[in-house]
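S.K.: Sharing upload.txt, compact mmCIF, C-alpha atoms:
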```txt
# COMPACT_ATOMS: atom_id res chain seq x y z
CA MET A 1 9.74 -40.56 44.96
CA LEU A 2 11.65 -37.27 45.09
CA ILE A 3 13.79 -36.13 48.01
CA TYR A 4 15.07 -32.56 47.96
CA ALA A 5 18.07 -31.68 50.13
CA ALA A 6 18.04 -27.91 50.07
CA ARG A 7 21.18 -27.48 52.15
CA LYS A 8 23.47 -29.73 50.13
CA GLU A 9 22.47 -28.54 46.72
CA ASP A 10 19.87 -26.09 45.45
CA LYS A 11 17.01 -28.38 44.50
CA SER A 12 14.34 -26.26 46.17
CA MET A 13 13.05 -24.98 42.85
CA ASN A 14 11.93 -28.54 42.08
CA MET A 15 9.35 -28.10 44.78
CA LYS A 16 5.95 -27.36 43.27
CA GLU A 17 3.79 -24.39 44.15
CA TYR A 18 0.74 -26.55 44.87
CA TYR A 19 0.03 -29.93 46.48
CA ASP A 20 -3.13 -31.66 47.61
CA VAL A 21 -1.68 -32.16 51.09
CA ILE A 22 1.34 -30.67 52.87
CA ILE A 23 2.60 -32.56 55.94
CA VAL A 24 5.15 -30.77 58.13
CA GLY A 25 7.32 -33.38 59.84
CA THR A 26 8.77 -36.78 58.94
CA GLY A 27 8.27 -38.63 62.21
CA ALA A 28 5.88 -41.52 62.73
CA ALA A 29 2.78 -39.31 62.61
CA GLY A 30 3.72 -37.46 59.42
CA LEU A 31 4.85 -40.55 57.54
CA TYR A 32 1.84 -42.64 58.57
CA CYS A 33 -0.57 -39.87 57.62
CA ALA A 34 1.02 -39.70 54.18
CA LEU A 35 0.82 -43.48 53.71
CA ASN A 36 -2.87 -43.49 54.63
CA LEU A 37 -3.74 -40.99 51.90
CA PRO A 38 -4.77 -42.28 48.46
CA GLU A 39 -2.03 -42.33 45.85
CA ARG A 40 -3.99 -39.93 43.66
CA LYS A 41 -3.17 -37.22 46.23
CA LYS A 42 0.04 -35.28 45.66
CA VAL A 43 1.74 -34.99 49.03
CA LEU A 44 4.68 -32.87 50.22
CA LEU A 45 6.52 -33.95 53.38
CA LEU A 46 8.68 -31.19 54.85
CA THR A 47 11.44 -31.45 57.47
CA LYS A 48 13.96 -29.05 59.04
CA GLN A 49 16.80 -31.58 58.92
CA LYS A 50 17.22 -35.02 57.37
CA ALA A 51 14.08 -37.12 57.14
CA ASP A 52 15.38 -39.61 59.70
CA GLN A 53 16.15 -36.98 62.34
CA SER A 54 12.81 -36.94 64.12
CA ASP A 55 12.18 -37.83 67.73
CA SER A 56 10.15 -40.86 66.64
CA PHE A 57 13.45 -42.50 65.68
CA LEU A 58 14.64 -42.09 69.28
CA ALA A 59 11.72 -43.86 70.98
CA GLN A 60 13.18 -46.87 72.79
CA GLY A 61 10.59 -48.68 74.88
CA GLY A 62 7.82 -49.80 72.58
CA ILE A 63 4.22 -49.36 71.48
CA CYS A 64 1.16 -50.35 73.51
CA MET A 65 -1.72 -52.48 72.33
CA LEU A 66 -4.91 -53.83 73.82
CA ARG A 67 -4.43 -57.42 75.03
CA GLY A 68 -7.97 -58.53 74.28
CA GLU A 69 -11.28 -57.20 75.61
CA GLY A 70 -10.42 -58.39 79.11
CA ASP A 71 -7.58 -55.87 79.21
CA TYR A 72 -9.67 -52.85 78.17
CA ASN A 73 -10.68 -51.55 81.61
CA ASP A 74 -7.16 -51.98 83.00
CA TYR A 75 -5.53 -50.27 80.01
CA PHE A 76 -8.07 -47.43 80.15
CA GLN A 77 -7.54 -46.92 83.89
CA ASP A 78 -3.74 -47.13 83.58
CA THR A 79 -3.82 -44.35 80.98
CA MET A 80 -6.26 -42.20 82.98
CA ARG A 81 -4.39 -42.68 86.26
CA ALA A 82 -1.04 -41.74 84.71
CA GLY A 83 -2.67 -38.61 83.25
CA HIS A 84 -4.11 -37.63 86.64
CA PHE A 85 -7.60 -38.19 85.20
CA GLU A 86 -7.31 -35.02 83.11
CA ASN A 87 -7.44 -37.13 79.93
CA ASP A 88 -10.23 -36.89 77.35
CA GLU A 89 -12.05 -40.18 77.88
CA LYS A 90 -13.36 -40.37 74.29
CA ALA A 91 -9.84 -39.85 72.91
CA VAL A 92 -8.42 -42.51 75.23
CA GLU A 93 -11.12 -44.98 74.17
CA LEU A 94 -10.49 -44.24 70.50
CA MET A 95 -6.76 -44.84 70.88
CA ILE A 96 -7.15 -48.11 72.78
CA ARG A 97 -9.90 -49.45 70.51
CA SER A 98 -7.78 -48.60 67.45
CA SER A 99 -4.60 -50.25 68.72
CA ASN A 100 -5.17 -53.75 67.35
CA SER A 101 -5.81 -52.54 63.80
CA ILE A 102 -2.76 -50.26 63.98
CA ILE A 103 -0.53 -53.14 65.10
CA ARG A 104 -1.92 -55.45 62.41
CA ASP A 105 -1.18 -52.76 59.84
CA LEU A 106 2.38 -52.27 61.11
CA VAL A 107 3.03 -56.01 60.94
CA ARG A 108 1.61 -56.01 57.42
CA ARG A 109 4.10 -53.27 56.57
CA HIS A 110 6.88 -55.57 57.90
CA VAL A 111 7.64 -53.88 61.22
CA ASP A 112 9.75 -56.47 63.05
CA PHE A 113 8.43 -56.77 66.61
CA ALA A 114 10.05 -59.18 69.06
CA ARG A 115 8.47 -62.64 69.27
CA ASP A 116 8.63 -65.54 71.69
CA ALA A 117 9.92 -69.06 70.96
CA GLN A 118 6.55 -70.04 69.45
CA GLY A 119 6.53 -67.06 67.08
CA ASN A 120 3.90 -65.09 69.00
CA LEU A 121 4.31 -61.38 69.63
CA ALA A 122 6.32 -60.77 72.81
CA PHE A 123 5.21 -58.18 75.35
CA THR A 124 7.08 -56.22 77.99
CA ARG A 125 5.88 -54.04 80.86
CA GLU A 126 6.74 -50.49 81.81
CA GLY A 127 6.02 -48.17 84.72
CA ALA A 128 2.34 -47.59 85.65
CA HIS A 129 1.12 -50.47 83.44
CA SER A 130 -0.87 -53.14 85.27
CA GLN A 131 0.35 -55.88 82.92
CA PRO A 132 2.72 -56.43 79.96
CA ARG A 133 1.05 -54.93 76.85
CA ILE A 134 4.00 -53.28 75.09
CA LEU A 135 5.43 -54.55 71.82
CA PHE A 136 9.08 -53.81 71.16
CA HIS A 137 12.06 -54.26 68.86
CA GLU A 138 15.13 -54.54 71.10
CA ASP A 139 15.49 -51.04 72.60
CA GLU A 140 14.94 -49.17 69.32
CA THR A 141 11.23 -49.64 68.68
CA GLY A 142 10.70 -46.11 67.38
CA LYS A 143 13.51 -46.47 64.88
CA GLN A 144 12.16 -49.84 63.68
CA ILE A 145 8.65 -48.45 63.13
CA THR A 146 9.60 -45.07 61.70
CA GLN A 147 12.35 -46.34 59.39
CA THR A 148 9.93 -48.96 58.04
CA LEU A 149 7.39 -46.22 57.30
CA LEU A 150 10.06 -43.97 55.76
CA ASP A 151 11.29 -46.79 53.53
CA GLU A 152 7.74 -47.31 52.27
CA VAL A 153 7.22 -43.57 51.70
CA ASN A 154 10.36 -43.62 49.56
CA THR A 155 8.64 -46.04 47.16
CA LYS A 156 5.61 -43.79 46.57
CA ASP A 157 5.52 -41.67 43.41
CA ASN A 158 2.86 -39.35 44.85
CA ILE A 159 4.93 -38.33 47.91
CA GLU A 160 7.83 -35.87 47.87
CA ILE A 161 10.16 -35.16 50.80
CA CYS A 162 11.87 -31.82 51.11
CA GLU A 163 14.72 -31.82 53.65
CA TYR A 164 16.50 -28.89 55.34
CA MET A 165 13.50 -26.60 54.83
CA THR A 166 11.61 -24.83 57.60
CA MET A 167 7.98 -23.76 57.88
CA VAL A 168 7.90 -20.16 59.09
CA ASP A 169 4.21 -19.34 58.63
CA LEU A 170 0.82 -20.48 57.38
CA ILE A 171 -1.02 -19.05 54.41
CA VAL A 172 -4.29 -18.00 56.02
CA LYS A 173 -7.41 -16.08 55.08
CA ASP A 174 -10.64 -15.87 57.09
CA ASN A 175 -9.46 -18.67 59.42
CA VAL A 176 -8.95 -21.07 56.52
CA CYS A 177 -5.49 -22.53 55.86
CA GLY A 178 -4.38 -22.57 52.24
CA GLY A 179 -0.74 -23.59 52.53
CA ILE A 180 2.53 -22.68 54.24
CA ILE A 181 5.51 -20.37 53.90
CA ILE A 182 8.86 -22.18 53.77
CA MET A 183 12.39 -20.80 54.15
CA ASP A 184 15.76 -22.43 53.58
CA GLU A 185 19.04 -21.75 55.36
CA LYS A 186 19.89 -19.00 52.86
CA ASN A 187 16.64 -17.17 53.76
CA GLU A 188 15.07 -17.91 50.40
CA VAL A 189 11.27 -17.90 50.69
CA TYR A 190 8.93 -20.45 49.10
CA PRO A 191 5.14 -20.13 49.41
CA VAL A 192 3.49 -23.51 48.81
CA ARG A 193 -0.28 -23.89 48.64
CA ALA A 194 -2.45 -26.88 49.51
CA LYS A 195 -6.07 -27.64 50.32
CA HIS A 196 -4.98 -29.47 53.46
CA VAL A 197 -2.03 -28.91 55.82
CA VAL A 198 -1.03 -31.36 58.55
CA LEU A 199 1.27 -30.23 61.35
CA ALA A 200 3.24 -33.24 62.62
CA CYS A 201 6.41 -31.43 63.65
CA GLY A 202 7.05 -32.89 67.09
CA GLY A 203 7.40 -31.31 70.50
CA LEU A 204 9.56 -28.56 71.98
CA GLY A 205 12.56 -30.26 73.61
CA GLY A 206 14.97 -28.06 71.67
CA LEU A 207 13.89 -25.14 73.87
CA TYR A 208 15.41 -26.90 76.92
CA GLN A 209 19.04 -27.22 77.95
CA ASN A 210 18.57 -30.86 79.03
CA SER A 211 16.27 -32.89 76.80
CA THR A 212 16.09 -36.28 75.13
CA ASN A 213 14.82 -34.59 71.95
CA PHE A 214 16.70 -33.53 68.84
CA PRO A 215 17.78 -29.88 69.30
CA HIS A 216 16.00 -28.68 66.14
CA ILE A 217 12.59 -29.77 67.50
CA THR A 218 11.69 -26.39 68.98
CA GLY A 219 7.91 -25.99 68.94
CA ASP A 220 7.83 -23.75 65.85
CA ALA A 221 4.26 -24.79 65.00
CA LEU A 222 3.08 -23.66 68.43
CA GLY A 223 4.40 -20.14 67.87
CA ILE A 224 2.85 -20.04 64.41
CA ALA A 225 -0.47 -21.24 65.84
CA MET A 226 -0.37 -18.50 68.48
CA LYS A 227 0.20 -15.90 65.77
CA HIS A 228 -3.01 -16.97 64.03
CA GLN A 229 -5.12 -17.44 67.19
CA ILE A 230 -5.38 -21.19 66.65
CA VAL A 231 -6.55 -22.81 69.88
CA LEU A 232 -3.78 -24.31 72.03
CA GLU A 233 -4.11 -26.35 75.19
CA HIS A 234 -1.95 -27.24 78.21
CA LEU A 235 1.35 -25.82 76.97
CA ASP A 236 2.72 -26.24 80.48
CA TYR A 237 2.11 -30.01 80.53
CA ILE A 238 5.71 -31.05 79.91
CA GLN A 239 6.95 -34.49 80.90
CA ILE A 240 10.27 -35.05 82.61
CA HIS A 241 11.63 -38.56 82.01
CA PRO A 242 13.09 -40.01 85.21
CA THR A 243 16.11 -41.75 83.73
CA THR A 244 18.56 -40.32 81.23
CA LEU A 245 22.23 -41.22 81.38
CA TYR A 246 24.04 -38.58 83.42
CA SER A 247 26.75 -36.74 81.50
CA LYS A 248 28.61 -33.45 81.79
CA LYS A 249 28.78 -33.25 78.00
CA PRO A 250 26.49 -30.74 76.23
CA GLY A 251 23.79 -31.84 73.80
CA ARG A 252 20.89 -34.27 73.71
CA ARG A 253 20.47 -36.53 76.73
CA PHE A 254 20.51 -40.29 76.18
CA LEU A 255 17.33 -41.99 77.37
CA VAL A 256 17.46 -45.10 79.53
CA SER A 257 14.11 -46.63 78.64
CA GLU A 258 11.36 -47.11 81.18
CA SER A 259 11.13 -50.72 80.03
CA VAL A 260 14.49 -51.29 81.75
CA ARG A 261 12.72 -50.67 85.06
CA GLY A 262 9.73 -52.61 83.78
CA GLU A 263 12.02 -55.63 83.41
CA GLY A 264 13.32 -55.25 86.97
CA ALA A 265 16.01 -52.53 87.20
CA LEU A 266 16.26 -50.71 90.54
CA LEU A 267 16.83 -47.06 91.44
CA LEU A 268 19.43 -46.56 94.17
CA ASP A 269 20.74 -43.68 96.26
CA LYS A 270 24.43 -42.94 96.74
CA ASN A 271 24.59 -45.66 99.40
CA GLY A 272 23.13 -48.31 97.10
CA GLN A 273 19.70 -48.33 98.78
CA ARG A 274 16.30 -48.22 97.03
CA PHE A 275 14.32 -45.06 97.77
CA THR A 276 11.18 -45.30 95.60
CA ASP A 277 8.86 -47.64 93.70
CA GLU A 278 10.39 -47.83 90.22
CA LEU A 279 7.08 -48.66 88.47
CA GLN A 280 5.12 -45.56 89.44
CA PRO A 281 4.10 -43.02 86.74
CA ARG A 282 6.96 -41.02 85.27
CA ASP A 283 6.17 -37.73 86.98
CA THR A 284 6.02 -39.43 90.39
CA VAL A 285 9.36 -41.20 89.87
CA SER A 286 10.97 -37.98 88.60
CA LYS A 287 9.82 -36.09 91.71
CA ALA A 288 11.23 -38.82 93.93
CA ILE A 289 14.58 -38.66 92.14
CA PHE A 290 14.78 -34.87 92.37
CA ALA A 291 13.94 -35.07 96.09
CA GLN A 292 16.63 -37.71 96.66
CA MET A 293 19.24 -35.70 94.74
CA GLU A 294 18.44 -32.64 96.83
CA LYS A 295 18.54 -34.65 100.05
CA GLU A 296 22.00 -36.04 99.37
CA GLY A 297 23.37 -33.07 97.41
CA SER A 298 24.14 -35.16 94.34
CA HIS A 299 23.93 -34.57 90.56
CA CYS A 300 22.40 -37.98 89.83
CA ILE A 301 21.12 -41.23 91.30
CA TRP A 302 21.96 -44.77 90.20
CA GLU A 303 20.06 -47.33 88.14
CA ASP A 304 20.99 -50.97 88.69
CA MET A 305 20.29 -53.14 85.65
CA ARG A 306 22.05 -56.21 87.06
CA PRO A 307 18.80 -57.82 88.33
CA LEU A 308 17.78 -58.27 84.66
CA GLY A 309 20.68 -60.62 84.01
CA LYS A 310 23.27 -60.31 81.27
CA ASP A 311 21.25 -62.21 78.66
CA THR A 312 18.23 -59.88 78.97
CA ILE A 313 20.42 -56.78 78.93
CA LEU A 314 22.24 -57.84 75.76
CA LYS A 315 19.16 -59.16 73.95
CA HIS A 316 16.50 -56.58 74.91
CA PHE A 317 18.67 -53.50 75.48
CA PRO A 318 21.74 -53.77 73.20
CA ASN A 319 21.72 -50.08 72.25
CA ILE A 320 21.51 -48.90 75.86
CA TYR A 321 24.20 -51.38 76.84
CA GLN A 322 26.59 -50.19 74.13
CA HIS A 323 25.98 -46.51 74.87
CA CYS A 324 26.73 -47.09 78.54
CA LEU A 325 29.96 -48.87 77.60
CA ASP A 326 30.89 -45.91 75.39
CA GLU A 327 30.40 -43.63 78.42
CA GLY A 328 32.56 -45.85 80.62
CA TYR A 329 29.91 -47.88 82.47
CA ASP A 330 29.19 -51.61 82.22
CA PRO A 331 25.54 -52.11 83.27
CA CYS A 332 26.13 -55.86 83.56
CA LYS A 333 28.64 -55.20 86.34
CA GLU A 334 27.70 -51.89 88.00
CA PRO A 335 24.88 -49.35 88.43
CA ILE A 336 24.79 -46.48 85.93
CA PRO A 337 24.27 -42.77 86.80
CA VAL A 338 20.91 -41.36 85.71
CA VAL A 339 19.13 -38.03 86.00
CA PRO A 340 15.69 -36.72 84.91
CA ALA A 341 15.44 -34.59 81.73
CA GLN A 342 12.74 -33.03 79.57
CA HIS A 343 11.29 -35.77 77.38
CA TYR A 344 7.74 -35.26 76.10
CA PHE A 345 5.08 -32.61 75.54
CA MET A 346 1.48 -33.47 76.46
CA GLY A 347 0.04 -30.09 75.46
CA GLY A 348 -0.07 -28.55 72.01
CA ILE A 349 -2.43 -27.46 69.28
CA LYS A 350 -5.89 -28.52 70.37
CA VAL A 351 -7.53 -31.03 68.01
CA ASP A 352 -10.72 -33.08 67.92
CA LEU A 353 -11.07 -36.81 67.30
CA GLY A 354 -10.44 -36.19 63.58
CA SER A 355 -7.18 -34.32 64.35
CA ARG A 356 -8.82 -31.09 63.15
CA THR A 357 -7.60 -27.82 64.65
CA SER A 358 -9.71 -24.70 65.17
CA MET A 359 -8.63 -23.52 61.69
CA LYS A 360 -10.33 -25.03 58.65
CA GLY A 361 -8.04 -27.09 56.43
CA LEU A 362 -5.44 -27.42 59.17
CA TYR A 363 -4.75 -30.65 61.07
CA ALA A 364 -2.26 -31.59 63.78
CA CYS A 365 -1.11 -35.00 65.02
CA GLY A 366 1.72 -36.47 67.03
CA GLU A 367 3.46 -34.50 69.76
CA THR A 368 2.56 -31.14 68.17
CA SER A 369 -1.10 -31.79 68.92
CA CYS A 370 -3.16 -32.07 72.07
CA ASN A 371 -6.06 -34.49 71.60
CA GLY A 372 -6.44 -35.19 75.31
CA VAL A 373 -5.19 -38.78 75.33
CA HIS A 374 -2.33 -38.18 77.75
CA GLY A 375 -3.87 -35.76 80.22
CA LYS A 376 -1.29 -34.17 82.50
CA ASN A 377 1.26 -36.99 82.22
CA ARG A 378 1.79 -39.60 79.50
CA LEU A 379 1.65 -43.32 80.21
CA ALA A 380 4.79 -45.08 78.96
CA SER A 381 4.73 -46.26 75.31
CA ASN A 382 1.39 -44.62 74.50
CA SER A 383 3.07 -41.94 72.36
CA LEU A 384 3.80 -43.99 69.22
CA LEU A 385 0.32 -45.52 69.31
CA GLU A 386 -1.39 -42.17 69.82
CA SER A 387 0.63 -40.62 66.97
CA LEU A 388 -0.33 -43.37 64.53
CA VAL A 389 -4.01 -43.50 65.51
CA PHE A 390 -4.56 -39.76 65.12
CA ALA A 391 -2.39 -39.52 62.00
CA ARG A 392 -4.72 -42.02 60.38
CA ARG A 393 -7.72 -40.06 61.67
CA ALA A 394 -6.33 -36.95 59.97
CA ALA A 395 -5.92 -38.85 56.70
CA ASP A 396 -9.49 -40.18 57.00
CA ASP A 397 -10.90 -36.70 57.53
CA ILE A 398 -8.93 -35.32 54.58
CA MET A 399 -10.34 -38.08 52.38
CA PHE A 400 -13.92 -38.17 53.61
CA GLY A 401 -14.57 -34.85 55.36
CA GLU A 402 -15.86 -31.58 53.96
CA GLU A 403 -13.29 -29.84 51.78
CA PRO A 404 -12.51 -26.28 52.92
CA GLU A 405 -12.98 -23.34 50.56
CA PHE A 406 -9.93 -21.09 50.53
CA ASP A 407 -10.11 -17.62 48.97
CA ALA A 408 -6.84 -17.39 47.04
CA SER A 409 -7.56 -13.94 45.59
CA GLY A 410 -5.11 -11.17 46.30
CA ARG A 411 -1.32 -11.06 46.26
CA LEU A 412 0.73 -12.92 48.83
CA ASP A 413 3.31 -10.58 50.39
CA CYS A 414 6.49 -12.48 51.22
CA SER A 415 8.66 -9.43 51.87
CA ARG A 416 8.18 -9.72 55.65
CA TYR A 417 10.08 -13.04 55.69
CA GLU A 418 13.68 -11.86 55.68
CA ASP A 419 15.57 -13.68 58.44
CA ARG A 420 14.51 -17.26 59.23
CA ASP A 421 16.37 -17.50 62.54
CA ALA A 422 14.95 -14.20 63.74
CA ILE A 423 11.41 -15.30 62.86
CA LEU A 424 11.85 -18.62 64.68
CA GLY A 425 13.39 -16.81 67.65
CA GLU A 426 10.24 -14.73 68.05
CA TYR A 427 8.08 -17.86 67.93
CA HIS A 428 10.24 -19.56 70.56
CA LYS A 429 10.06 -16.49 72.80
CA ALA A 430 6.27 -16.44 72.52
CA VAL A 431 6.01 -20.17 73.34
CA ARG A 432 8.25 -19.87 76.40
CA SER A 433 6.22 -16.90 77.61
CA GLU A 434 2.93 -18.78 77.17
CA ILE A 435 4.28 -21.82 79.02
CA GLU A 436 5.20 -19.63 81.98
CA ARG A 437 1.83 -17.86 81.89
CA MET A 438 -0.01 -21.19 81.95
CA LYS A 439 2.16 -22.46 84.79
CA LYS A 440 1.32 -19.42 86.90
CA SER A 441 -2.39 -19.76 86.12
CA HIS A 442 -2.30 -23.24 87.71
CA GLU A 443 -0.53 -22.12 90.89
```
Would you write out, as structure tokens, the structure that this file holds?
M.R.:
Amino acid sequence: MLIYAARKEDKSMNMKEYYDVIIVGTGAAGLYCALNLPERKKVLLLTKQKADQSDSFLAQGGICMLRGEGDYNDYFQDTMRAGHFENDEKAVELMIRSSNSIIRDLVRRHVDFARDAQGNLAFTREGAHSQPRILFHEDETGKQITQTLLDEVNTKDNIEICEYMTMVDLIVKDNVCGGIIIMDEKNEVYPVRAKHVVLACGGLGGLYQNSTNFPHITGDALGIAMKHQIVLEHLDYIQIHPTTLYSKKPGRRFLVSESVRGEGALLLDKNGQRFTDELQPRDTVSKAIFAQMEKEGSHCIWEDMRPLGKDTILKHFPNIYQHCLDEGYDPCKEPIPVVPAQHYFMGGIKVDLGSRTSMKGLYACGETSCNGVHGKNRLASNSLLESLVFARRAADDIMFGEEPEFDASGRLDCSRYEDRDAILGEYHKAVRSEIERMKKSHE
């Protein structure tokens, strides 16, 4: 296992000029895709920052799974209803039907889910779910899953991770992808070729002032896709999470997991009165909060975790509890101030059930992609499951699908790549513009 940290020391030249597969992103989708490829494949994992600075590490609530065949119709309808029935039904069915094998595989890889006194997997419930079907590890489920996958990747001789390096373009000819163009923080350019490229680079929260995402997750792949006329879908389907801890400090917003409300927390106005059903879909709860804030002229509303009891708060939500204490609030004794913030991206690069984009040799999975599972609004704790299911589908198609033929003749001109930040700025401008255009088209 090789890890290159281009910012700390110049190891970029260790990076090869050719790999079997390049995966852009080291979140749950990227790591799981890499682990599902055969070890005879030489794989490069690329990330803009450190490998553990992906939004997958921030996911608190949990990961859904089908609770037996009797739960299928309810789970399917919960997902469809949350997505305003704009979901792709085949994609939803594929995700749900794949959930048990995904969970068995995660347990086999030593992901430590919570268990009851008898040693059985423990389940919690979140908003818009008709029953408890969410596995969790305290209030850091994403970190538990993704760190476990990253630790395993670090043991693989066929996988290399290159940190602090940024994809600025694809190598394309005749709508076939043959690799990517990478730049470091010194504006050095590195063309790297591969038969298969997987975009697993997360969402676009870094484009927003208030977001739960890491600030470097800025939708770069979307701008690159637009440049090459790769089909995109629903760029304006952006989820606002109802409850992030209110703060006047700049930077990433701290998420107060939906599972807190699933366990019984209440949303209160400035007078300590409930004003909405806390277990409605996220977009509905967010709208209710915004309306209440406008009605009372406030900057936040209040979430009361005291109904959970101190034992549940400390055992199930220790990270949230400690963060609240650090901000001066004791959720065991008082309500905490919360406000909606940008959280998740349902749109993205359009893919089929094999995570294939409209460009041959190019795949997308995770939040970068749009496979239709989530529709207009994501059901709580479906994101990690969807990422893993479609990451594995990408790996399957790479292994068993038709191999693309890329014409590598001709010289690759890298002189146009001079200023990384300027290039990314143009992509971000294009993405923002397209989001606004799509919003207006739906008015």
S.K.: Might you pull out every residue within 8 Å of region 22-35 of chain A, with all atoms listed in the file counted and same-chain residues fewer than 3 positions away left off, and present them as an MDAnalysis selection string?
M.R.: chainID A and resid 19 38 43:48 51:52 54:57 145:146 149:150 153 159 167 179 194 196:202 365:366 384 387:388 390:392 394:395
S.K.: Which residue out of A:Asn271, A:Gln49, A:Asn175, A:Asn187 has the minimum interatomic distance to Pro335 (chain A) when all atoms listed in the file are used?
M.R.: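 The answer is A:Asn271, which sits nearest to Pro335 (chain A).
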S.K.: Which polymer residues have any atom within 6 Å of an atom of region 238-240 of chain A, counting all atoms listed in the file, with same-chain residues fewer than 2 positions away left out, as a count of residues only?
M.R.: 7
S.K.: Using all atoms listed in the file, find the one residue out of A:Lys376, A:Arg437, A:Arg393, A:Lys287 that sits nearest to Met80 (chain A).
M.R.: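 For Met80 (chain A), the nearest of the candidates is A:Lys376.
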S.K.: Contacts of region 302-316 of chain A at 7 Å or less, counting only C-alpha atoms, minus same-chain residues fewer than 3 places along, as a PyMOL selection string?
M.R.: chain A and resi 138-139+263-269+321+331-338
S.K.: If you count all atoms listed in the file, which residues fall within 12 Å of His299 (chain A), apart from same-chain ones fewer than 2 positions away, as a PyMOL selection string?
M.R.: chain A and resi 245-248+269-270+289-297+301-302+337-340
S.K.: Any idea what the distance is between CA of Asp220 (chain A) and CA of Val168 (chain A)?
M.R.: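 CA of Val168 (chain A) lies 7.7 Å from CA of Asp220 (chain A).
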S.K.: Between CA of Tyr164 (chain A) and CA of Gly219 (chain A), what is the distance in Å, rounded to a tenth?
M.R.: 16.3 Å
S.K.: For CA of Glu367 (chain A) and CA of Gly203 (chain A), quote the distance in Å rounded to one decimal.
M.R.: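 Rounded to one decimal, the two atoms are 5.1 Å apart.
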S.K.: Would you kindly return, as a list in words, each protein, DNA or RNA residue with an atom no farther than 7 Å from any atom of Leu66 (chain A), considering all atoms listed in the file and excluding same-chain residues fewer than 5 positions away?
M.R.: Asp71, Tyr72, Ile96, Ser99, Asn100 and Arg133 of chain A
S.K.: List every residue of region 187-253 of chain A that has an atom at most 9 Å from any atom of region 424-427 of chain A, giving for each one its closest atom pair and the distance in Å to one decimal, counting all atoms listed in the file, sorted by chain and then by ascending residue number, as a tab-separated table.
M.R.:
```
residue	atom	partner	partner_atom	distance
A:Thr218	CA	A:Leu424	CA	8.9
A:Gly219	CA	A:Tyr427	CA	8.2
A:Asp220	CA	A:Tyr427	CA	6.3
A:Ala221	CA	A:Tyr427	CA	8.4
A:Leu222	CA	A:Tyr427	CA	7.7
A:Gly223	CA	A:Tyr427	CA	4.3
A:Ile224	CA	A:Tyr427	CA	6.7
A:Met226	CA	A:Tyr427	CA	8.5
A:Lys227	CA	A:Tyr427	CA	8.4
```
S.K.: Give the answer as one residue: which of A:Asp421, A:Met95, A:Met15, A:Ile102 has the shortest atom-to-atom distance to Glu163 (chain A), using all atoms listed in the file?
M.R.: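 Distance minimum relative to Glu163 (chain A) lands on A:Met15.
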S.K.: Around the point (-0.2, -61.8, 70.8) in the file's coordinates, collect all residues with an atom within 10 Å, using all atoms listed in the file, and return them as an MDAnalysis selection string.
M.R.: chainID A and resid 65:68 115:116 119:123 133 135
S.K.: Nearest to Ile349 (chain A) among A:Asp413, A:Asp105, A:Glu233, A:Asp283, with distances taken over only C-alpha atoms: which residue is it?
M.R.: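 For Ile349 (chain A), the nearest of the candidates is A:Glu233.
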S.K.: Choose the residue, out of A:His374, A:Arg420, A:Lys440, A:Arg432, that has the smallest atom-to-atom separation from Glu89 (chain A); count only C-alpha atoms.
M.R.: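 Checking each of A:His374, A:Arg420, A:Lys440, A:Arg432 against Glu89 (chain A), counting only C-alpha atoms, the winner is A:His374.
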